[in-house]
Every structure is written in C-alpha cells, then in structure tokens.
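Just below is one structure, and these are the notes that go with it.
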Amino acid sequence: MVDEFYSEQEQWERVKRWLRENGLWLLAGVLIGVLGLAGWRWWEQRIEQQALEASSKYSQVLDAFGRSDRTRAFTLIDELRKDHASSPYADQAGLLAARSLVETNELQKAAERLTGVMNSSRDDELKLVARLRLARVQLAQGNPDMAIGTLDGVPAGAFAARFDDVRGDALYAKGDKPGALRVWRKAASTDTEGAVDRNSLELKIADLVGDGVAEPASAAAAPATAPAPTPAHTPTPTPAPAR
C-alpha cells in the first residue's frame with residue numbers, strides 16, 4: 001500500500017511539474033483560441049452589418065428613382081460605390097445609373113458607369129450584363145467596331161445568344177449584312193431560354209433573307225489542283241511512197 005501511495009504521489013508531482021513547465025504555453029493557446037473565435041464573430045457581424053447598410057442604401061436608390069429624383073439617386077449611388085465598393089448592391093446601382101443616363105442620351109457617362117461595373121464587379125454574371133449593355137451603348141454612339149471588340153473580350157457563356165444578337169446589329173451597322181445574317185441565325189439557334197427578343201430577331205433575319213442576302217460560306221473552298229496538261233500528240237509522219 002505504501003509503495004502504491006508513493007507511486008500516485010509521484011505521478012501527481014510529475015503532473016504539477018509538467019504544468020509548471022508548460023502551463024504558460026497552455027494558457028496562451030487557450031487565450032489565442034478565445035480571441036480568434038471572438039475576432040471571427042466580430043468579423044461576421046461586421047460583414048453582416050455592411051451588407052445591411054448596402055441593402056438599405058440600394059433601397060433608397062430605388063425609391064429616389066421611383067420619385068424621379070435623379071439628383072438624390074445619383075448621390076446615393078456614388079455613396080454606395082464609395083462605402084461598399086465590393087458589394088453587389090453597388091454593381092446593381094451602377095447598372096441603374098447607366099440605364100438612367102441612356103434614357104437622357106448621356107451615352108458617354110453611361111459607358112463609363114458600365115465600364116466600371118464590367119471591370120470591378122466580383123460577380124461574373126454582372127460583368128457580362130455590363131459588357132453587353134456597354135456594347136449596345138457603343139453601338140448607339142456609332143462605334144460598331146468598338147462594340148464588337150467589347151463583345152469579343154471574354155467568353156459569353158450563357159449570354160452567347162444575347163451577345164450574338166448585338167454582334168449582328170454591329171455587323172449590320174458596318175454594312176456586313178451576310179455576317180449579320182450568320183450571327184443572328186446563330187443567336188436564334190442557341191437561344192434555348194428565351195433570353196433574346198425572338199420576334200425582333202426573326203424579323204431582322206426575314207428582312208435580310210427577303211432582300212436576297214445570303215449567309216457567307218463558313219470557309220472558302222480551296223481551289224482544285226489543275227491536272228498537268230497532257231502534251232499534245234504529234235503524229236508520226238507517214239513516209240512518202242517511193243517514186
């Protein structure tokens with residue numbers, strides 16, 4: 001029994017010694033864990049609060065436009081962009097601003113707003129929306145080549161039919177009716193979700209077909225290699241009969 005008692009006491013002494021040697025590190029680890037958890041919760045609350053503020057300001061933008069108070073709306077949009085630049089609400093507000101500017105024929109300002117969303121948004125779909133609308137604005141400005149360059153800048157993905165619809169408009173504006181017919185027909189065949197105005201698209205196609213426009217060949221046929229000319233046969237002269 002004595003040996004067993006001393007064995008337990010020795011074990012306790014070893015535990016106390018280990019605590020003396022490592023207790024500070026153990027306490028530091030616990031504190032770091034607690035502080036890390038508290039910091040994470042604070043960050044989550046901050047993100048949630050910022051999202052609520054951005055949502056509230058966007059609602060105020062919609063309300064200002066609804067009251068036809070464009071001055072107030074644009075002030076709120078600029079504040080939203082300044083205070084919550086990474087929020088999708090700022091991108092949506094930028095698209096609203098561009099639409100309002102197009103309605104008042106301020107096309108260059110609209111293009112600038114759309115370019116900002118296209119270049120800075122973290123939402124790939126919103127980037128494509130901004131790019132598509134920018135191409136339409138550039139076309140309205142009389143810059144079909146610039147519009148085509150904008151559309152060709154990135155893969156269109158699910159927006160392919162809409163991109164081709166506007167690309168056809170740009171080609172038509174350039175006078176390339178066969179090219180316009182080709183991409184409009186492509187848009188009609190790939191639009192499986194009704195994203196494009198089918199009536200408008202079919203009318204544009206019908207007008208070109210009615211005017212006798214033919215879709216260009218996908219690739220020019222390579223000219224056939226001409227066979228080597230057969231040398232002309234020279235008849236063997238018949239010897240004259242002996243006289």
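In the structure tokens, chains take the letters A, B, ... in the order shown, each chain's residues start at 1, and ligands count up from 1 in the order shown.
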| Nearby residues (only C-alpha atoms) at most 10 Å from stretch 86-99 of chain A, same-chain spacing under 6 positions excluded, as an MDAnalysis selection string | chainID A and resid 50:51 54:59 61:62 65 70 73:74 76:80 105:118 120:123 126:127 129:130 133:134 137
Would you mind exporting the chosen residues as a short mmCIF file (atom, residue, chain, number, x, y, z; two decimals), in the first residue's frame, restricted to N, CA and C atoms?
data_model
loop_
_atom_site.label_atom_id
_atom_site.label_comp_id
_atom_site.auth_asym_id
_atom_site.auth_seq_id
_atom_site.Cartn_x
_atom_site.Cartn_y
_atom_site.Cartn_z
N GLN A 50 -22.46 45.52 -42.76
CA GLN A 50 -22.17 46.23 -44.01
C GLN A 50 -23.16 45.83 -45.10
N ALA A 51 -23.51 44.54 -45.15
CA ALA A 51 -24.47 44.09 -46.15
C ALA A 51 -25.83 44.74 -45.92
N ALA A 54 -25.60 48.36 -47.09
CA ALA A 54 -25.62 48.46 -48.55
C ALA A 54 -27.02 48.19 -49.09
N SER A 55 -27.70 47.21 -48.53
CA SER A 55 -29.06 46.89 -48.96
C SER A 55 -30.00 48.07 -48.70
N SER A 56 -29.85 48.68 -47.54
CA SER A 56 -30.70 49.83 -47.20
C SER A 56 -30.47 51.00 -48.15
N LYS A 57 -29.20 51.26 -48.46
CA LYS A 57 -28.90 52.38 -49.37
C LYS A 57 -29.41 52.09 -50.77
N TYR A 58 -29.31 50.84 -51.20
CA TYR A 58 -29.82 50.48 -52.53
C TYR A 58 -31.33 50.67 -52.60
N SER A 59 -32.01 50.33 -51.50
CA SER A 59 -33.46 50.57 -51.45
C SER A 59 -33.77 52.05 -51.57
N VAL A 61 -31.94 54.17 -53.22
CA VAL A 61 -31.71 54.50 -54.63
C VAL A 61 -32.96 54.22 -55.45
N LEU A 62 -33.54 53.03 -55.24
CA LEU A 62 -34.75 52.66 -55.96
C LEU A 62 -35.88 53.63 -55.65
N PHE A 65 -35.27 56.97 -57.53
CA PHE A 65 -35.63 56.86 -58.95
C PHE A 65 -37.14 56.78 -59.11
N ARG A 70 -33.55 62.17 -59.66
CA ARG A 70 -32.30 61.63 -60.18
C ARG A 70 -31.09 62.17 -59.42
N ALA A 73 -30.78 60.19 -56.32
CA ALA A 73 -30.42 58.82 -56.68
C ALA A 73 -28.94 58.70 -56.99
N PHE A 74 -28.42 59.63 -57.77
CA PHE A 74 -27.01 59.54 -58.15
C PHE A 74 -26.10 59.84 -56.96
N LEU A 76 -26.77 58.95 -53.87
CA LEU A 76 -26.77 57.70 -53.12
C LEU A 76 -25.94 56.62 -53.81
N ILE A 77 -26.00 56.60 -55.14
CA ILE A 77 -25.22 55.61 -55.90
C ILE A 77 -23.72 55.84 -55.68
N ASP A 78 -23.31 57.09 -55.71
CA ASP A 78 -21.89 57.39 -55.50
C ASP A 78 -21.46 57.05 -54.08
N GLU A 79 -22.35 57.29 -53.11
CA GLU A 79 -22.04 56.92 -51.72
C GLU A 79 -21.93 55.41 -51.58
N LEU A 80 -22.83 54.72 -52.24
CA LEU A 80 -22.81 53.26 -52.19
C LEU A 80 -21.52 52.72 -52.80
N ASN A 105 -29.89 60.23 -72.91
CA ASN A 105 -28.94 60.32 -74.03
C ASN A 105 -27.54 60.78 -73.59
N GLU A 106 -27.19 60.53 -72.34
CA GLU A 106 -25.83 60.82 -71.86
C GLU A 106 -25.00 59.54 -72.02
N LEU A 107 -24.72 59.23 -73.27
CA LEU A 107 -24.16 57.92 -73.59
C LEU A 107 -22.74 57.72 -73.07
N GLN A 108 -21.92 58.75 -73.13
CA GLN A 108 -20.55 58.60 -72.67
C GLN A 108 -20.50 58.35 -71.16
N LYS A 109 -21.34 59.06 -70.40
CA LYS A 109 -21.39 58.83 -68.96
C LYS A 109 -21.92 57.43 -68.66
N ALA A 110 -22.89 56.98 -69.45
CA ALA A 110 -23.41 55.62 -69.28
C ALA A 110 -22.32 54.60 -69.55
N ALA A 111 -21.53 54.83 -70.60
CA ALA A 111 -20.44 53.91 -70.93
C ALA A 111 -19.43 53.85 -69.79
N GLU A 112 -19.15 54.97 -69.16
CA GLU A 112 -18.19 54.99 -68.05
C GLU A 112 -18.71 54.19 -66.86
N ARG A 113 -20.00 54.33 -66.56
CA ARG A 113 -20.59 53.57 -65.46
C ARG A 113 -20.54 52.07 -65.75
N LEU A 114 -20.88 51.70 -66.96
CA LEU A 114 -20.88 50.28 -67.33
C LEU A 114 -19.47 49.70 -67.34
N THR A 115 -18.52 50.49 -67.80
CA THR A 115 -17.13 50.03 -67.78
C THR A 115 -16.66 49.78 -66.35
N GLY A 116 -17.07 50.65 -65.44
CA GLY A 116 -16.71 50.46 -64.03
C GLY A 116 -17.24 49.15 -63.47
N VAL A 117 -18.49 48.85 -63.75
CA VAL A 117 -19.07 47.59 -63.27
C VAL A 117 -18.38 46.40 -63.95
N MET A 118 -18.16 46.51 -65.25
CA MET A 118 -17.54 45.43 -66.00
C MET A 118 -16.15 45.09 -65.48
N SER A 120 -14.81 45.95 -62.34
CA SER A 120 -14.59 45.83 -60.90
C SER A 120 -15.51 44.86 -60.19
N SER A 121 -16.60 44.45 -60.81
CA SER A 121 -17.55 43.57 -60.12
C SER A 121 -16.90 42.22 -59.81
N ARG A 122 -17.30 41.64 -58.68
CA ARG A 122 -16.84 40.31 -58.31
C ARG A 122 -17.81 39.23 -58.81
N ASP A 123 -18.91 39.68 -59.38
CA ASP A 123 -19.93 38.75 -59.89
C ASP A 123 -19.74 38.61 -61.39
N LEU A 126 -22.81 39.62 -63.52
CA LEU A 126 -22.99 41.07 -63.62
C LEU A 126 -21.97 41.68 -64.57
N LYS A 127 -20.77 41.13 -64.58
CA LYS A 127 -19.76 41.61 -65.53
C LYS A 127 -20.23 41.44 -66.96
N VAL A 129 -23.38 41.17 -67.97
CA VAL A 129 -24.50 42.09 -68.20
C VAL A 129 -23.98 43.47 -68.54
N ALA A 130 -23.00 43.95 -67.76
CA ALA A 130 -22.43 45.27 -68.01
C ALA A 130 -21.75 45.32 -69.37
N ARG A 133 -24.41 45.51 -72.16
CA ARG A 133 -25.03 46.84 -72.23
C ARG A 133 -24.04 47.89 -72.74
N LEU A 134 -22.77 47.73 -72.38
CA LEU A 134 -21.76 48.65 -72.88
C LEU A 134 -21.67 48.56 -74.40
N VAL A 137 -24.44 50.49 -75.90
CA VAL A 137 -24.19 51.93 -75.82
C VAL A 137 -23.18 52.36 -76.88
#
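Among the candidate residues A:Trp184, A:Ala173, A:Ser100, A:Gly194, the one lying nearest to A:Ser68 is A:Ser100, with distances computed using only C-alpha atoms.
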| query | Can you list, as a list of chain:residue names, every protein, DNA or RNA residue that comes within 12 Å of A:Ala156 when you count only C-alpha atoms, leaving out same-chain residues fewer than 5 positions away? | reply | A:Asp124, A:Glu125, A:Leu126, A:Lys127, A:Leu128, A:Val129, A:Ala130, A:Arg131, A:Leu132, A:Thr150, A:Leu151, A:Ala161, A:Arg162, A:Phe163, A:Asp164, A:Arg167
Writer output for current selection, C-alpha atoms, as a tab-separated table (two decimals), in the first residue's frame:
chain	number	residue	atom	x	y	z
A	124	ASP	CA	-19.10	37.18	-63.25
A	125	GLU	CA	-22.72	37.36	-64.42
A	126	LEU	CA	-22.99	41.07	-63.62
A	127	LYS	CA	-19.76	41.61	-65.53
A	128	LEU	CA	-21.34	40.03	-68.60
A	129	VAL	CA	-24.50	42.09	-68.20
A	130	ALA	CA	-22.43	45.27	-68.01
A	131	ARG	CA	-20.34	44.22	-71.04
A	132	LEU	CA	-23.45	43.51	-73.12
A	150	THR	CA	-16.25	44.66	-76.31
A	151	LEU	CA	-18.34	41.59	-77.11
A	161	ALA	CA	-27.28	34.29	-77.81
A	162	ARG	CA	-27.64	37.83	-76.46
A	163	PHE	CA	-24.07	38.65	-77.42
A	164	ASP	CA	-24.68	37.37	-80.95
A	167	ARG	CA	-22.96	41.47	-82.55
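Residues in contact range of A:Leu139, defined as at most 8 Å between only C-alpha atoms, with sequence neighbours fewer than 6 positions away removed, read Met146, Ala147 and Ala170 of chain A.
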For C-alpha atoms, I'd like the residues from the last selection saved as a compact mmCIF listing (two decimals), in the first residue's frame.
# COMPACT_ATOMS: atom_id res chain seq x y z
CA MET A 146 -15.73 49.12 -80.61
CA ALA A 147 -18.95 47.28 -79.76
CA ALA A 170 -22.99 45.86 -85.05
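If you look at atom CA of A:Glu215 and atom CA of A:Ala160, they are 19.4 Å away from each other.
Between atom CA of A:Lys204 and atom CA of A:Thr192 the interatomic distance comes to 18.6 Å.
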| query | In Å to one decimal, how far is atom CA of A:Val102 from atom CA of A:Ala135? | reply | 12.6 Å
| request: Could you give me, as a ChimeraX atom specification, each residue of stretch 33-155 of chain A that DSSP assigns to helix (DSSP H, G or I) when run on this structure's backbone? | output: /A:33-66,70-83,88-103,107-120,124-140,144-151
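Among the candidate residues A:Glu103, A:Asp211, A:Phe159, A:His84, the one lying nearest to A:Thr190 is A:Phe159, with distances computed using only C-alpha atoms.
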